[in-house]
>>> print(open('input-v9.csv').read())   # CSV, C-alpha atoms
chain,number,residue,atom,x,y,z
W,1,MET,CA,-1.8,-5.1,-1.5
W,2,PRO,CA,0.3,-3.6,-4.3
W,3,HIS,CA,-1.6,-2.4,-7.4
W,4,ILE,CA,0.6,-4.6,-9.6
W,5,GLN,CA,2.4,-7.8,-8.9
W,6,PHE,CA,6.0,-7.5,-7.6
W,7,PRO,CA,8.4,-10.3,-6.6
W,8,GLU,CA,7.3,-11.4,-3.1
W,9,GLY,CA,8.8,-10.0,0.1
W,10,LEU,CA,10.5,-6.9,-1.2
W,11,PRO,CA,9.7,-3.8,0.8
W,12,GLY,CA,8.8,-0.4,-0.5
W,13,ILE,CA,10.7,0.8,-3.6
W,14,VAL,CA,12.7,-2.4,-3.8
W,15,GLY,CA,9.6,-4.2,-5.4
W,16,PRO,CA,9.1,-1.8,-8.3
W,17,PHE,CA,12.9,-1.6,-8.8
W,18,ALA,CA,13.0,-5.4,-9.2
W,19,PHE,CA,10.0,-5.2,-11.5
W,20,ARG,CA,11.6,-2.7,-13.8
W,21,PRO,CA,15.4,-2.8,-13.6
W,22,GLU,CA,15.7,-0.4,-16.6
W,23,THR,CA,14.3,2.5,-14.7
W,24,ALA,CA,15.7,1.4,-11.4
W,25,LYS,CA,19.3,1.9,-12.7
W,26,PRO,CA,19.1,5.8,-13.2
W,27,MET,CA,16.9,6.2,-10.1
W,28,ARG,CA,19.5,4.4,-8.0
W,29,ALA,CA,22.3,6.4,-9.6
W,30,LEU,CA,20.5,9.7,-8.9
W,31,ALA,CA,20.0,8.8,-5.2
W,32,GLU,CA,23.6,7.8,-4.8
W,33,ILE,CA,25.0,11.0,-6.2
W,34,LEU,CA,22.6,13.2,-4.3
W,35,LEU,CA,22.8,11.5,-0.9
W,36,ARG,CA,26.3,10.0,-0.9
W,37,GLY,CA,28.3,11.6,-3.7
W,38,PRO,CA,31.0,14.3,-3.1
W,39,SER,CA,29.4,17.2,-1.4
W,40,THR,CA,30.0,19.9,1.3
W,41,LEU,CA,26.8,18.7,2.9
W,42,SER,CA,27.3,15.5,5.0
W,43,PRO,CA,25.4,12.4,4.0
W,44,GLY,CA,23.6,12.6,7.3
W,45,GLU,CA,22.4,16.2,6.5
W,46,ARG,CA,21.3,15.1,3.0
W,47,GLU,CA,19.4,12.1,4.5
W,48,LEU,CA,17.6,14.5,6.8
W,49,ILE,CA,16.5,16.6,3.8
W,50,ALA,CA,15.2,13.4,2.2
W,51,THR,CA,13.5,12.4,5.4
W,52,CYS,CA,11.7,15.7,5.9
W,53,VAL,CA,10.4,15.8,2.4
W,54,SER,CA,9.2,12.2,2.6
W,55,THR,CA,7.5,13.0,5.9
W,56,GLN,CA,5.7,16.0,4.3
W,57,ASN,CA,4.6,13.6,1.5
W,58,ASP,CA,3.4,11.2,4.2
W,59,CYS,CA,5.4,8.3,2.7
W,60,TYR,CA,5.9,5.8,5.5
W,61,PHE,CA,8.5,3.6,3.9
W,62,CYS,CA,10.7,6.5,2.7
W,63,GLN,CA,10.6,8.6,5.8
W,64,THR,CA,11.3,5.6,8.0
W,65,SER,CA,14.1,4.1,6.0
W,66,HIS,CA,15.8,7.4,5.2
W,67,GLY,CA,15.2,8.5,8.8
W,68,ALA,CA,17.0,5.4,9.9
W,69,ALA,CA,19.9,6.1,7.4
W,70,ALA,CA,20.1,9.7,8.8
W,71,ALA,CA,20.2,8.4,12.4
W,72,HIS,CA,22.9,5.9,11.4
W,73,HIS,CA,25.1,8.7,10.0
W,74,PHE,CA,24.5,10.7,13.2
W,75,GLY,CA,25.9,7.9,15.4
W,76,GLY,CA,22.5,6.3,16.0
W,77,ASN,CA,20.8,9.5,17.2
W,78,GLU,CA,17.2,8.7,16.5
W,79,GLN,CA,16.0,11.5,18.7
W,80,LEU,CA,17.7,14.1,16.4
W,81,VAL,CA,15.8,12.6,13.4
W,82,SER,CA,12.6,12.7,15.3
W,83,ASP,CA,13.2,16.3,16.4
W,84,VAL,CA,13.9,17.4,12.8
W,85,LYS,CA,10.8,15.7,11.5
W,86,GLN,CA,8.7,17.4,14.2
W,87,ASN,CA,10.1,20.9,13.9
W,88,PHE,CA,13.5,21.4,12.2
W,89,GLU,CA,13.6,25.1,13.2
W,90,THR,CA,14.1,24.1,16.9
W,91,ALA,CA,16.2,21.0,16.3
W,92,ALA,CA,19.9,20.7,17.2
W,93,ILE,CA,21.2,21.3,13.7
W,94,SER,CA,23.1,24.1,12.0
W,95,ASN,CA,21.4,27.3,10.9
W,96,LYS,CA,22.5,26.5,7.4
W,97,LEU,CA,20.7,23.2,7.4
W,98,LYS,CA,17.6,24.8,8.8
W,99,ALA,CA,17.6,27.3,6.0
W,100,LEU,CA,18.1,24.5,3.4
W,101,LEU,CA,15.3,22.4,5.0
W,102,ALA,CA,13.0,25.5,4.7
W,103,ILE,CA,13.7,25.5,1.0
W,104,ALA,CA,13.1,21.7,0.7
W,105,VAL,CA,9.7,21.7,2.4
W,106,LYS,CA,8.6,24.5,0.0
W,107,VAL,CA,9.8,22.5,-3.0
W,108,GLN,CA,7.7,19.6,-1.7
W,109,GLN,CA,4.6,21.8,-2.0
W,110,SER,CA,5.6,23.4,-5.4
W,111,GLY,CA,8.8,24.7,-6.9
W,112,LYS,CA,7.1,28.1,-7.3
W,113,LYS,CA,6.9,28.4,-3.5
W,114,VAL,CA,10.6,29.0,-3.2
W,115,LEU,CA,11.1,32.8,-3.0
W,116,PRO,CA,14.2,34.9,-3.3
W,117,ALA,CA,14.0,35.5,0.5
W,118,ASP,CA,14.4,31.7,1.1
W,119,ILE,CA,17.5,31.7,-1.0
W,120,GLU,CA,18.9,34.8,0.7
W,121,ARG,CA,18.4,33.2,4.1
W,122,ALA,CA,20.3,30.1,3.0
W,123,ARG,CA,23.1,32.3,1.5
W,124,HIS,CA,23.2,34.4,4.7
W,125,GLU,CA,23.8,31.1,6.7
W,126,GLY,CA,26.6,30.2,4.4
W,127,ALA,CA,25.0,27.9,1.8
W,128,SER,CA,26.7,27.8,-1.6
W,129,ASP,CA,25.0,27.6,-5.0
W,130,ILE,CA,25.6,23.9,-5.3
W,131,GLU,CA,24.2,23.2,-1.8
W,132,ILE,CA,21.1,25.2,-2.8
W,133,HIS,CA,20.9,23.3,-6.1
W,134,ASP,CA,21.3,19.9,-4.4
W,135,THR,CA,18.7,20.7,-1.7
W,136,VAL,CA,16.1,21.6,-4.4
W,137,LEU,CA,16.9,18.5,-6.4
W,138,ILE,CA,16.9,16.1,-3.3
W,139,ALA,CA,13.5,17.6,-2.4
W,140,ALA,CA,12.2,17.2,-6.0
W,141,ALA,CA,13.6,13.7,-6.4
W,142,PHE,CA,11.9,12.5,-3.2
W,143,CYS,CA,8.6,13.9,-4.5
W,144,MET,CA,9.3,11.3,-7.3
W,145,TYR,CA,10.4,8.4,-5.1
W,146,ASN,CA,7.6,8.9,-2.6
W,147,ARG,CA,4.9,9.0,-5.3
W,148,TYR,CA,6.5,5.9,-6.9
W,149,VAL,CA,6.3,4.0,-3.6
W,150,ASP,CA,2.8,5.0,-2.7
W,151,GLY,CA,1.3,5.3,-6.2
W,152,LEU,CA,1.9,1.6,-6.7
W,153,ALA,CA,0.7,0.8,-3.1
W,154,THR,CA,4.0,-1.1,-2.3
W,155,TRP,CA,4.5,-3.1,0.9
W,156,ALA,CA,5.8,-1.1,3.9
W,157,PRO,CA,6.9,-3.3,6.8
W,158,GLN,CA,6.2,-2.0,10.3
W,159,ASP,CA,9.1,-3.6,12.3
W,160,PRO,CA,11.4,-0.7,13.5
W,161,ALA,CA,14.3,-3.2,13.7
W,162,LEU,CA,14.0,-3.9,10.0
W,163,TYR,CA,14.2,-0.2,9.2
W,164,ARG,CA,17.3,0.2,11.4
W,165,GLN,CA,19.0,-2.6,9.5
W,166,MET,CA,17.9,-1.1,6.2
W,167,GLY,CA,19.1,2.4,7.2
W,168,ALA,CA,22.5,1.1,8.3
W,169,GLN,CA,22.9,-0.7,4.9
W,170,MET,CA,21.8,2.4,2.9
W,171,ALA,CA,24.2,4.6,4.9
W,172,GLU,CA,27.1,2.2,4.6
W,173,GLN,CA,26.7,0.5,1.3
W,174,GLY,CA,24.7,3.1,-0.6
W,175,TYR,CA,22.1,2.9,-3.3
W,176,ILE,CA,23.6,1.3,-6.3
W,177,ARG,CA,23.2,-2.4,-6.8
W,178,GLU,CA,21.9,-5.0,-9.3
W,179,GLU,CA,18.3,-5.8,-9.0
W,180,ALA,CA,17.8,-9.0,-7.0
W,181,ARG,CA,15.1,-10.6,-9.2
W,182,PRO,CA,14.5,-9.2,-12.7
W,183,ARG,CA,10.9,-9.0,-13.8
W,184,ALA,CA,11.3,-11.8,-16.4
W,185,ALA,CA,13.9,-13.6,-18.5
W,186,GLY,CA,13.4,-11.2,-21.3
W,187,ALA,CA,14.1,-8.2,-19.1
W,188,ALA,CA,17.3,-9.9,-17.8
W,189,ALA,CA,18.4,-10.6,-21.3
W,190,ARG,CA,17.9,-7.0,-22.3
W,191,ASN,CA,20.1,-5.9,-19.4
W,192,GLU,CA,23.1,-8.1,-20.3
E,193,MET,CA,15.8,35.6,-12.5
E,194,PRO,CA,17.1,32.1,-11.6
E,195,HIS,CA,17.8,31.6,-7.9
E,196,ILE,CA,21.4,30.5,-8.7
E,197,GLN,CA,23.6,31.4,-11.6
E,198,PHE,CA,23.4,29.1,-14.7
E,199,PRO,CA,25.3,29.4,-18.0
E,200,GLU,CA,23.5,32.2,-19.9
E,201,GLY,CA,20.7,31.6,-22.5
E,202,LEU,CA,19.8,28.0,-21.6
E,203,PRO,CA,16.0,27.5,-21.2
E,204,GLY,CA,14.3,25.6,-18.4
E,205,ILE,CA,15.9,22.4,-17.2
E,206,VAL,CA,18.9,22.8,-19.6
E,207,GLY,CA,20.4,25.4,-17.3
E,208,PRO,CA,20.5,23.2,-14.1
E,209,PHE,CA,21.6,20.3,-16.3
E,210,ALA,CA,24.6,22.2,-17.5
E,211,PHE,CA,25.3,23.5,-13.9
E,212,ARG,CA,25.4,19.9,-12.5
E,213,PRO,CA,26.2,17.3,-15.2
E,214,GLU,CA,26.6,14.6,-12.6
E,215,THR,CA,22.9,14.6,-11.7
E,216,ALA,CA,21.8,15.5,-15.3
E,217,LYS,CA,23.1,12.2,-16.6
E,218,PRO,CA,20.7,9.8,-14.7
E,219,MET,CA,17.8,12.4,-15.0
E,220,ARG,CA,18.3,12.4,-18.8
E,221,ALA,CA,18.6,8.6,-18.9
E,222,LEU,CA,15.3,8.2,-16.9
E,223,ALA,CA,13.4,10.5,-19.3
E,224,GLU,CA,14.8,8.6,-22.3
E,225,ILE,CA,13.7,5.2,-21.0
E,226,LEU,CA,10.3,6.4,-19.8
E,227,LEU,CA,9.3,8.6,-22.8
E,228,ARG,CA,11.2,6.9,-25.8
E,229,GLY,CA,12.3,3.5,-24.7
E,230,PRO,CA,10.7,0.2,-25.8
E,231,SER,CA,7.0,0.3,-24.7
E,232,THR,CA,3.5,-0.7,-25.8
E,233,LEU,CA,2.6,2.9,-25.2
E,234,SER,CA,3.6,5.2,-28.1
E,235,PRO,CA,6.1,8.0,-27.4
E,236,GLY,CA,3.3,10.5,-28.2
E,237,GLU,CA,1.0,8.9,-25.6
E,238,ARG,CA,3.8,9.0,-23.0
E,239,GLU,CA,4.5,12.7,-23.8
E,240,LEU,CA,0.8,13.4,-23.3
E,241,ILE,CA,1.1,11.9,-19.8
E,242,ALA,CA,4.2,14.1,-19.1
E,243,THR,CA,2.3,17.1,-20.4
E,244,CYS,CA,-0.8,16.6,-18.3
E,245,VAL,CA,1.2,16.2,-15.1
E,246,SER,CA,3.3,19.2,-15.9
E,247,THR,CA,0.2,21.2,-16.5
E,248,GLN,CA,-1.3,20.1,-13.1
E,249,ASN,CA,2.0,21.2,-11.6
E,250,ASP,CA,1.7,24.6,-13.4
E,251,CYS,CA,5.2,24.2,-14.9
E,252,TYR,CA,5.2,26.4,-18.0
E,253,PHE,CA,8.5,25.2,-19.5
E,254,CYS,CA,7.7,21.5,-19.1
E,255,GLN,CA,4.1,21.5,-20.2
E,256,THR,CA,4.9,23.6,-23.2
E,257,SER,CA,8.1,21.7,-24.3
E,258,HIS,CA,6.6,18.2,-23.7
E,259,GLY,CA,3.3,19.4,-25.2
E,260,ALA,CA,5.2,20.4,-28.3
E,261,ALA,CA,7.0,17.0,-28.3
E,262,ALA,CA,3.6,15.3,-28.1
E,263,ALA,CA,2.2,17.3,-30.9
E,264,HIS,CA,5.2,16.5,-33.1
E,265,HIS,CA,4.6,12.7,-32.4
E,266,PHE,CA,0.9,13.2,-33.4
E,267,GLY,CA,1.8,14.8,-36.8
E,268,GLY,CA,1.8,18.3,-35.5
E,269,ASN,CA,-1.7,18.1,-34.0
E,270,GLU,CA,-1.5,20.9,-31.4
E,271,GLN,CA,-5.3,20.9,-31.0
E,272,LEU,CA,-5.2,17.3,-29.7
E,273,VAL,CA,-2.6,18.3,-27.0
E,274,SER,CA,-4.7,21.4,-26.1
E,275,ASP,CA,-7.8,19.2,-25.8
E,276,VAL,CA,-6.0,16.7,-23.6
E,277,LYS,CA,-4.7,19.4,-21.3
E,278,GLN,CA,-8.2,21.0,-21.0
E,279,ASN,CA,-10.1,17.7,-20.4
E,280,PHE,CA,-8.6,14.4,-21.3
E,281,GLU,CA,-11.8,12.5,-20.7
E,282,THR,CA,-13.5,14.2,-23.7
E,283,ALA,CA,-10.4,14.3,-26.0
E,284,ALA,CA,-9.9,12.1,-29.1
E,285,ILE,CA,-7.7,9.6,-27.4
E,286,SER,CA,-8.2,5.9,-26.5
E,287,ASN,CA,-10.1,4.8,-23.5
E,288,LYS,CA,-7.0,3.1,-22.2
E,289,LEU,CA,-5.0,6.4,-22.4
E,290,LYS,CA,-7.8,8.2,-20.6
E,291,ALA,CA,-7.7,5.6,-17.8
E,292,LEU,CA,-3.9,6.0,-17.5
E,293,LEU,CA,-4.1,9.8,-17.5
E,294,ALA,CA,-6.7,9.5,-14.7
E,295,ILE,CA,-4.0,7.6,-12.7
E,296,ALA,CA,-1.3,10.1,-13.6
E,297,VAL,CA,-3.2,13.2,-12.4
E,298,LYS,CA,-3.9,11.4,-9.1
E,299,VAL,CA,-0.2,10.6,-8.7
E,300,GLN,CA,0.5,14.3,-9.3
E,301,GLN,CA,-1.5,15.0,-6.1
E,302,SER,CA,-0.2,12.1,-4.0
E,303,GLY,CA,0.6,8.5,-4.6
E,304,LYS,CA,-2.0,7.6,-2.0
E,305,LYS,CA,-4.8,9.0,-4.2
E,306,VAL,CA,-4.5,6.1,-6.6
E,307,LEU,CA,-7.2,3.6,-5.6
E,308,PRO,CA,-7.8,0.0,-6.7
E,309,ALA,CA,-10.8,1.3,-8.7
E,310,ASP,CA,-8.4,3.4,-10.8
E,311,ILE,CA,-6.3,0.4,-11.5
E,312,GLU,CA,-9.3,-1.7,-12.3
E,313,ARG,CA,-10.5,0.9,-14.8
E,314,ALA,CA,-7.1,0.9,-16.6
E,315,ARG,CA,-7.0,-2.9,-16.7
E,316,HIS,CA,-10.6,-3.0,-18.0
E,317,GLU,CA,-9.5,-0.7,-20.9
E,318,GLY,CA,-6.6,-3.1,-21.6
E,319,ALA,CA,-3.7,-1.6,-19.7
E,320,SER,CA,-0.9,-4.0,-18.8
E,321,ASP,CA,1.0,-4.0,-15.5
E,322,ILE,CA,4.0,-2.4,-17.1
E,323,GLU,CA,1.9,0.3,-18.7
E,324,ILE,CA,0.4,1.1,-15.3
E,325,HIS,CA,3.8,1.0,-13.7
E,326,ASP,CA,5.3,3.3,-16.4
E,327,THR,CA,2.3,5.7,-16.1
E,328,VAL,CA,2.8,6.0,-12.3
E,329,LEU,CA,6.6,6.6,-12.8
E,330,ILE,CA,6.2,9.1,-15.6
E,331,ALA,CA,3.8,11.1,-13.4
E,332,ALA,CA,6.1,10.8,-10.4
E,333,ALA,CA,9.2,11.7,-12.4
E,334,PHE,CA,7.6,14.8,-13.8
E,335,CYS,CA,6.7,15.9,-10.2
E,336,MET,CA,10.5,15.9,-9.9
E,337,TYR,CA,11.4,17.6,-13.2
E,338,ASN,CA,8.7,20.3,-12.7
E,339,ARG,CA,9.9,21.1,-9.1
E,340,TYR,CA,13.5,21.2,-10.3
E,341,VAL,CA,12.7,23.7,-13.1
E,342,ASP,CA,10.5,25.9,-10.9
E,343,GLY,CA,12.2,25.5,-7.6
E,344,LEU,CA,15.3,27.1,-9.1
E,345,ALA,CA,13.3,29.7,-11.0
E,346,THR,CA,14.8,28.8,-14.3
E,347,TRP,CA,14.2,30.8,-17.5
E,348,ALA,CA,11.1,29.9,-19.5
E,349,PRO,CA,11.1,31.4,-23.0
E,350,GLN,CA,7.7,32.6,-24.3
E,351,ASP,CA,8.1,32.2,-28.1
E,352,PRO,CA,5.9,29.4,-29.3
E,353,ALA,CA,8.1,28.8,-32.3
E,354,LEU,CA,11.0,28.0,-30.0
E,355,TYR,CA,9.0,25.4,-28.2
E,356,ARG,CA,7.9,23.8,-31.5
E,357,GLN,CA,11.6,23.5,-32.4
E,358,MET,CA,12.5,22.1,-29.0
E,359,GLY,CA,9.6,19.7,-29.1
E,360,ALA,CA,10.6,18.4,-32.5
E,361,GLN,CA,14.1,17.9,-31.3
E,362,MET,CA,13.0,16.1,-28.1
E,363,ALA,CA,10.7,13.8,-30.2
E,364,GLU,CA,13.3,13.0,-32.8
E,365,GLN,CA,16.6,13.0,-31.0
E,366,GLY,CA,15.5,12.2,-27.5
E,367,TYR,CA,16.9,13.2,-24.1
E,368,ILE,CA,20.4,11.9,-23.8
E,369,ARG,CA,23.2,14.2,-24.6
E,370,GLU,CA,26.4,15.6,-23.2
E,371,GLU,CA,25.9,18.9,-21.3
E,372,ALA,CA,26.8,21.8,-23.5
E,373,ARG,CA,28.7,23.8,-21.0
E,374,PRO,CA,29.9,22.1,-17.8
E,375,ARG,CA,29.7,24.1,-14.6
E,376,ALA,CA,33.5,24.4,-14.2
E,377,ALA,CA,36.7,22.9,-15.5
E,378,GLY,CA,36.8,20.7,-12.3
E,379,ALA,CA,33.4,19.3,-13.1
E,380,ALA,CA,34.4,18.6,-16.6
E,381,ALA,CA,37.5,16.8,-15.5
E,382,ARG,CA,35.6,14.6,-13.1
E,383,ASN,CA,33.3,13.5,-16.0
E,384,GLU,CA,36.1,12.4,-18.3
>>> encode(input="input-v9.csv", output="structure tokens")
Amino acid sequence: MPHIQFPEGLPGIVGPFAFRPETAKPMRALAEILLRGPSTLSPGERELIATCVSTQNDCYFCQTSHGAAAAHHFGGNEQLVSDVKQNFETAAISNKLKALLAIAVKVQQSGKKVLPADIERARHEGASDIEIHDTVLIAAAFCMYNRYVDGLATWAPQDPALYRQMGAQMAEQGYIREEARPRAAGAAARNE
Amino acid sequence: MPHIQFPEGLPGIVGPFAFRPETAKPMRALAEILLRGPSTLSPGERELIATCVSTQNDCYFCQTSHGAAAAHHFGGNEQLVSDVKQNFETAAISNKLKALLAIAVKVQQSGKKVLPADIERARHEGASDIEIHDTVLIAAAFCMYNRYVDGLATWAPQDPALYRQMGAQMAEQGYIREEARPRAAGAAARNE
């Protein structure tokens, strides 16, 4: 049961987003830029970074929904996502993405864990400064989203079909939308 | 030395904000709403939550700048900030804020650490649902900001006078502003 009362039936982060549309707006905007905005990393690669960090943070809702979004970007290849979650170093992804994922999982532990050697490895594999920047920020941002989802004990559905549907929607339509049900009339009025 | 090249002389998070104005905008907006937006928690109380989480994450720039902002809100009471950082349970703050800080430092470890008993304690001390929500999100958000600052090895000045000045500016003028020096002409053009 969630720690505070959200509108009924909204899974994961969607509940707190509807409860507090004021903070949902910049949080949605940040996800949209990082995961779907213009970038030399594909949206699928960026969803894999989000999925790995959410897996390290043991956030079921985020790792499953973003894993489904990643799979959708990779033509429905759920095996690839599963391989990356288990051991990205041996998965069928580029050496550049492996080096970026190595940075991301260090950021998940602590920013201070990222060493010059990690950056050198990424550069050696062809990563640009902005790709390194965005990797660090995707990892940092999912340390926020994951804690937001679990720190409020939100509802995580278990049905895989639901996550496939969610993942496809996230991949195709993205992260920016008006909250379905604002917290209260007062909140709605403030947003107009 | 920072892991990637930022405009010279910008401390802490200001460097990456100038490097990537597209992501800076929602990150600044989120900080403004959480720390200075309408709330039944005072800005000083919210800066104390940010300071405690940044201290747990061992982020020197964030704990010192937000600690200075907190002290500014509390009439320059740096001792109070120092007491809260050392042990908030014995500091001269309200029982409600102590209960909220207890939630925040659990979120810093993992969202899953927050138990119903932590929420009950906060409610017993008079915390509302939205105060609990905002506490969880401030703690989660600073797990992002701290990792962003340290994961890119940004520059943290050591001069306490500089942090006092920064803290006063953060407290009085807030977090929303145009980035001083955009990454490149192309980035500036995209923002126009």
>>> closest_residue(input="input-v9.csv", among="W:Ala153, W:Val105, W:Met166, W:Ala50", to="chain E", atoms="only C-alpha atoms")
W:Ala153
>>> residues_near_point(input="input-v9.csv", point="(11.8, -7.9, 1.4)", cutoff="12 Å", atoms="only C-alpha atoms", output="PyMOL selection string")
chain W and resi 6-16+18+154-157+162-163+166+180-181
>>> closest_residue(input="input-v9.csv", among="E:Ala360, E:Ala221, E:Leu344, E:Val273", to="W:Ala104", atoms="all atoms listed in the file")
E:Leu344
>>> closest_atom_pairs(input="input-v9.csv", of="chain E", to="chain W", cutoff="6 Å", atoms="all atoms listed in the file", output="CSV")
residue,atom,partner,partner_atom,distance
E:Ile196,CA,W:Asp129,CA,5.9
E:Pro218,CA,W:Pro26,CA,4.6
E:Leu222,CA,W:Pro26,CA,5.8
E:Gly303,CA,W:Gly151,CA,3.6
E:Lys304,CA,W:Asp150,CA,5.5
E:Val306,CA,W:Gly151,CA,5.9
E:Asp321,CA,W:Ile4,CA,5.9
E:Leu329,CA,W:Tyr148,CA,5.9
E:Ala332,CA,W:Met144,CA,4.5
E:Ala333,CA,W:Met144,CA,5.1
E:Met336,CA,W:Ala140,CA,4.4
E:Arg339,CA,W:Gly111,CA,4.4
E:Tyr340,CA,W:Leu137,CA,5.8
E:Asp342,CA,W:Gly111,CA,4.5
E:Gly343,CA,W:Gly111,CA,3.6
>>> closest_residue(input="input-v9.csv", among="W:Arg121, W:Lys96, W:Lys85, W:Arg177", to="W:Thr55", atoms="all atoms listed in the file")
W:Lys85
>>> residues_around(input="input-v9.csv", residues="E:Arg356", least_positions_apart="5", cutoff="8 Å", atoms="all atoms listed in the file", output="list of chain:residue names")
E:Ser257, E:Ala260, E:Ala261, E:His264
>>> decode(input="input-v9.csv", residues="stretch 292-306 of chain E", atoms="N, CA and C atoms", output="PDB file, in the first residue's frame")
ATOM      1  N   LEU E 292      10.641  14.107   9.429  1.00  0.00           N
ATOM      2  CA  LEU E 292      10.810  14.201   7.971  1.00  0.00           C
ATOM      3  C   LEU E 292      12.265  13.933   7.575  1.00  0.00           C
ATOM      4  N   LEU E 293      13.208  14.443   8.364  1.00  0.00           N
ATOM      5  CA  LEU E 293      14.623  14.179   8.076  1.00  0.00           C
ATOM      6  C   LEU E 293      14.941  12.691   8.199  1.00  0.00           C
ATOM      7  N   ALA E 294      14.279  12.014   9.141  1.00  0.00           N
ATOM      8  CA  ALA E 294      14.491  10.566   9.295  1.00  0.00           C
ATOM      9  C   ALA E 294      14.048   9.836   8.027  1.00  0.00           C
ATOM     10  N   ILE E 295      12.962  10.313   7.407  1.00  0.00           N
ATOM     11  CA  ILE E 295      12.525   9.735   6.124  1.00  0.00           C
ATOM     12  C   ILE E 295      13.550  10.057   5.029  1.00  0.00           C
ATOM     13  N   ALA E 296      13.996  11.308   4.990  1.00  0.00           N
ATOM     14  CA  ALA E 296      14.917  11.751   3.928  1.00  0.00           C
ATOM     15  C   ALA E 296      16.215  10.942   3.925  1.00  0.00           C
ATOM     16  N   VAL E 297      16.786  10.706   5.089  1.00  0.00           N
ATOM     17  CA  VAL E 297      18.069   9.977   5.108  1.00  0.00           C
ATOM     18  C   VAL E 297      17.870   8.500   4.761  1.00  0.00           C
ATOM     19  N   LYS E 298      16.652   7.984   4.960  1.00  0.00           N
ATOM     20  CA  LYS E 298      16.371   6.618   4.478  1.00  0.00           C
ATOM     21  C   LYS E 298      16.258   6.596   2.960  1.00  0.00           C
ATOM     22  N   VAL E 299      15.568   7.587   2.387  1.00  0.00           N
ATOM     23  CA  VAL E 299      15.462   7.674   0.924  1.00  0.00           C
ATOM     24  C   VAL E 299      16.860   7.746   0.305  1.00  0.00           C
ATOM     25  N   GLN E 300      17.764   8.465   0.981  1.00  0.00           N
ATOM     26  CA  GLN E 300      19.133   8.574   0.455  1.00  0.00           C
ATOM     27  C   GLN E 300      19.766   7.184   0.271  1.00  0.00           C
ATOM     28  N   GLN E 301      19.490   6.277   1.204  1.00  0.00           N
ATOM     29  CA  GLN E 301      20.022   4.911   1.075  1.00  0.00           C
ATOM     30  C   GLN E 301      19.277   4.140  -0.013  1.00  0.00           C
ATOM     31  N   SER E 302      17.957   4.111   0.106  1.00  0.00           N
ATOM     32  CA  SER E 302      17.103   3.436  -0.877  1.00  0.00           C
ATOM     33  C   SER E 302      15.663   3.770  -0.536  1.00  0.00           C
ATOM     34  N   GLY E 303      14.847   3.947  -1.578  1.00  0.00           N
ATOM     35  CA  GLY E 303      13.422   4.211  -1.339  1.00  0.00           C
ATOM     36  C   GLY E 303      12.774   3.124  -0.495  1.00  0.00           C
ATOM     37  N   LYS E 304      13.249   1.896  -0.671  1.00  0.00           N
ATOM     38  CA  LYS E 304      12.651   0.767   0.036  1.00  0.00           C
ATOM     39  C   LYS E 304      12.881   0.797   1.540  1.00  0.00           C
ATOM     40  N   LYS E 305      13.844   1.613   1.988  1.00  0.00           N
ATOM     41  CA  LYS E 305      14.130   1.686   3.432  1.00  0.00           C
ATOM     42  C   LYS E 305      13.020   2.414   4.204  1.00  0.00           C
ATOM     43  N   VAL E 306      12.217   3.198   3.486  1.00  0.00           N
ATOM     44  CA  VAL E 306      11.139   3.945   4.165  1.00  0.00           C
ATOM     45  C   VAL E 306      10.024   2.978   4.549  1.00  0.00           C
TER      46      VAL E 306
END
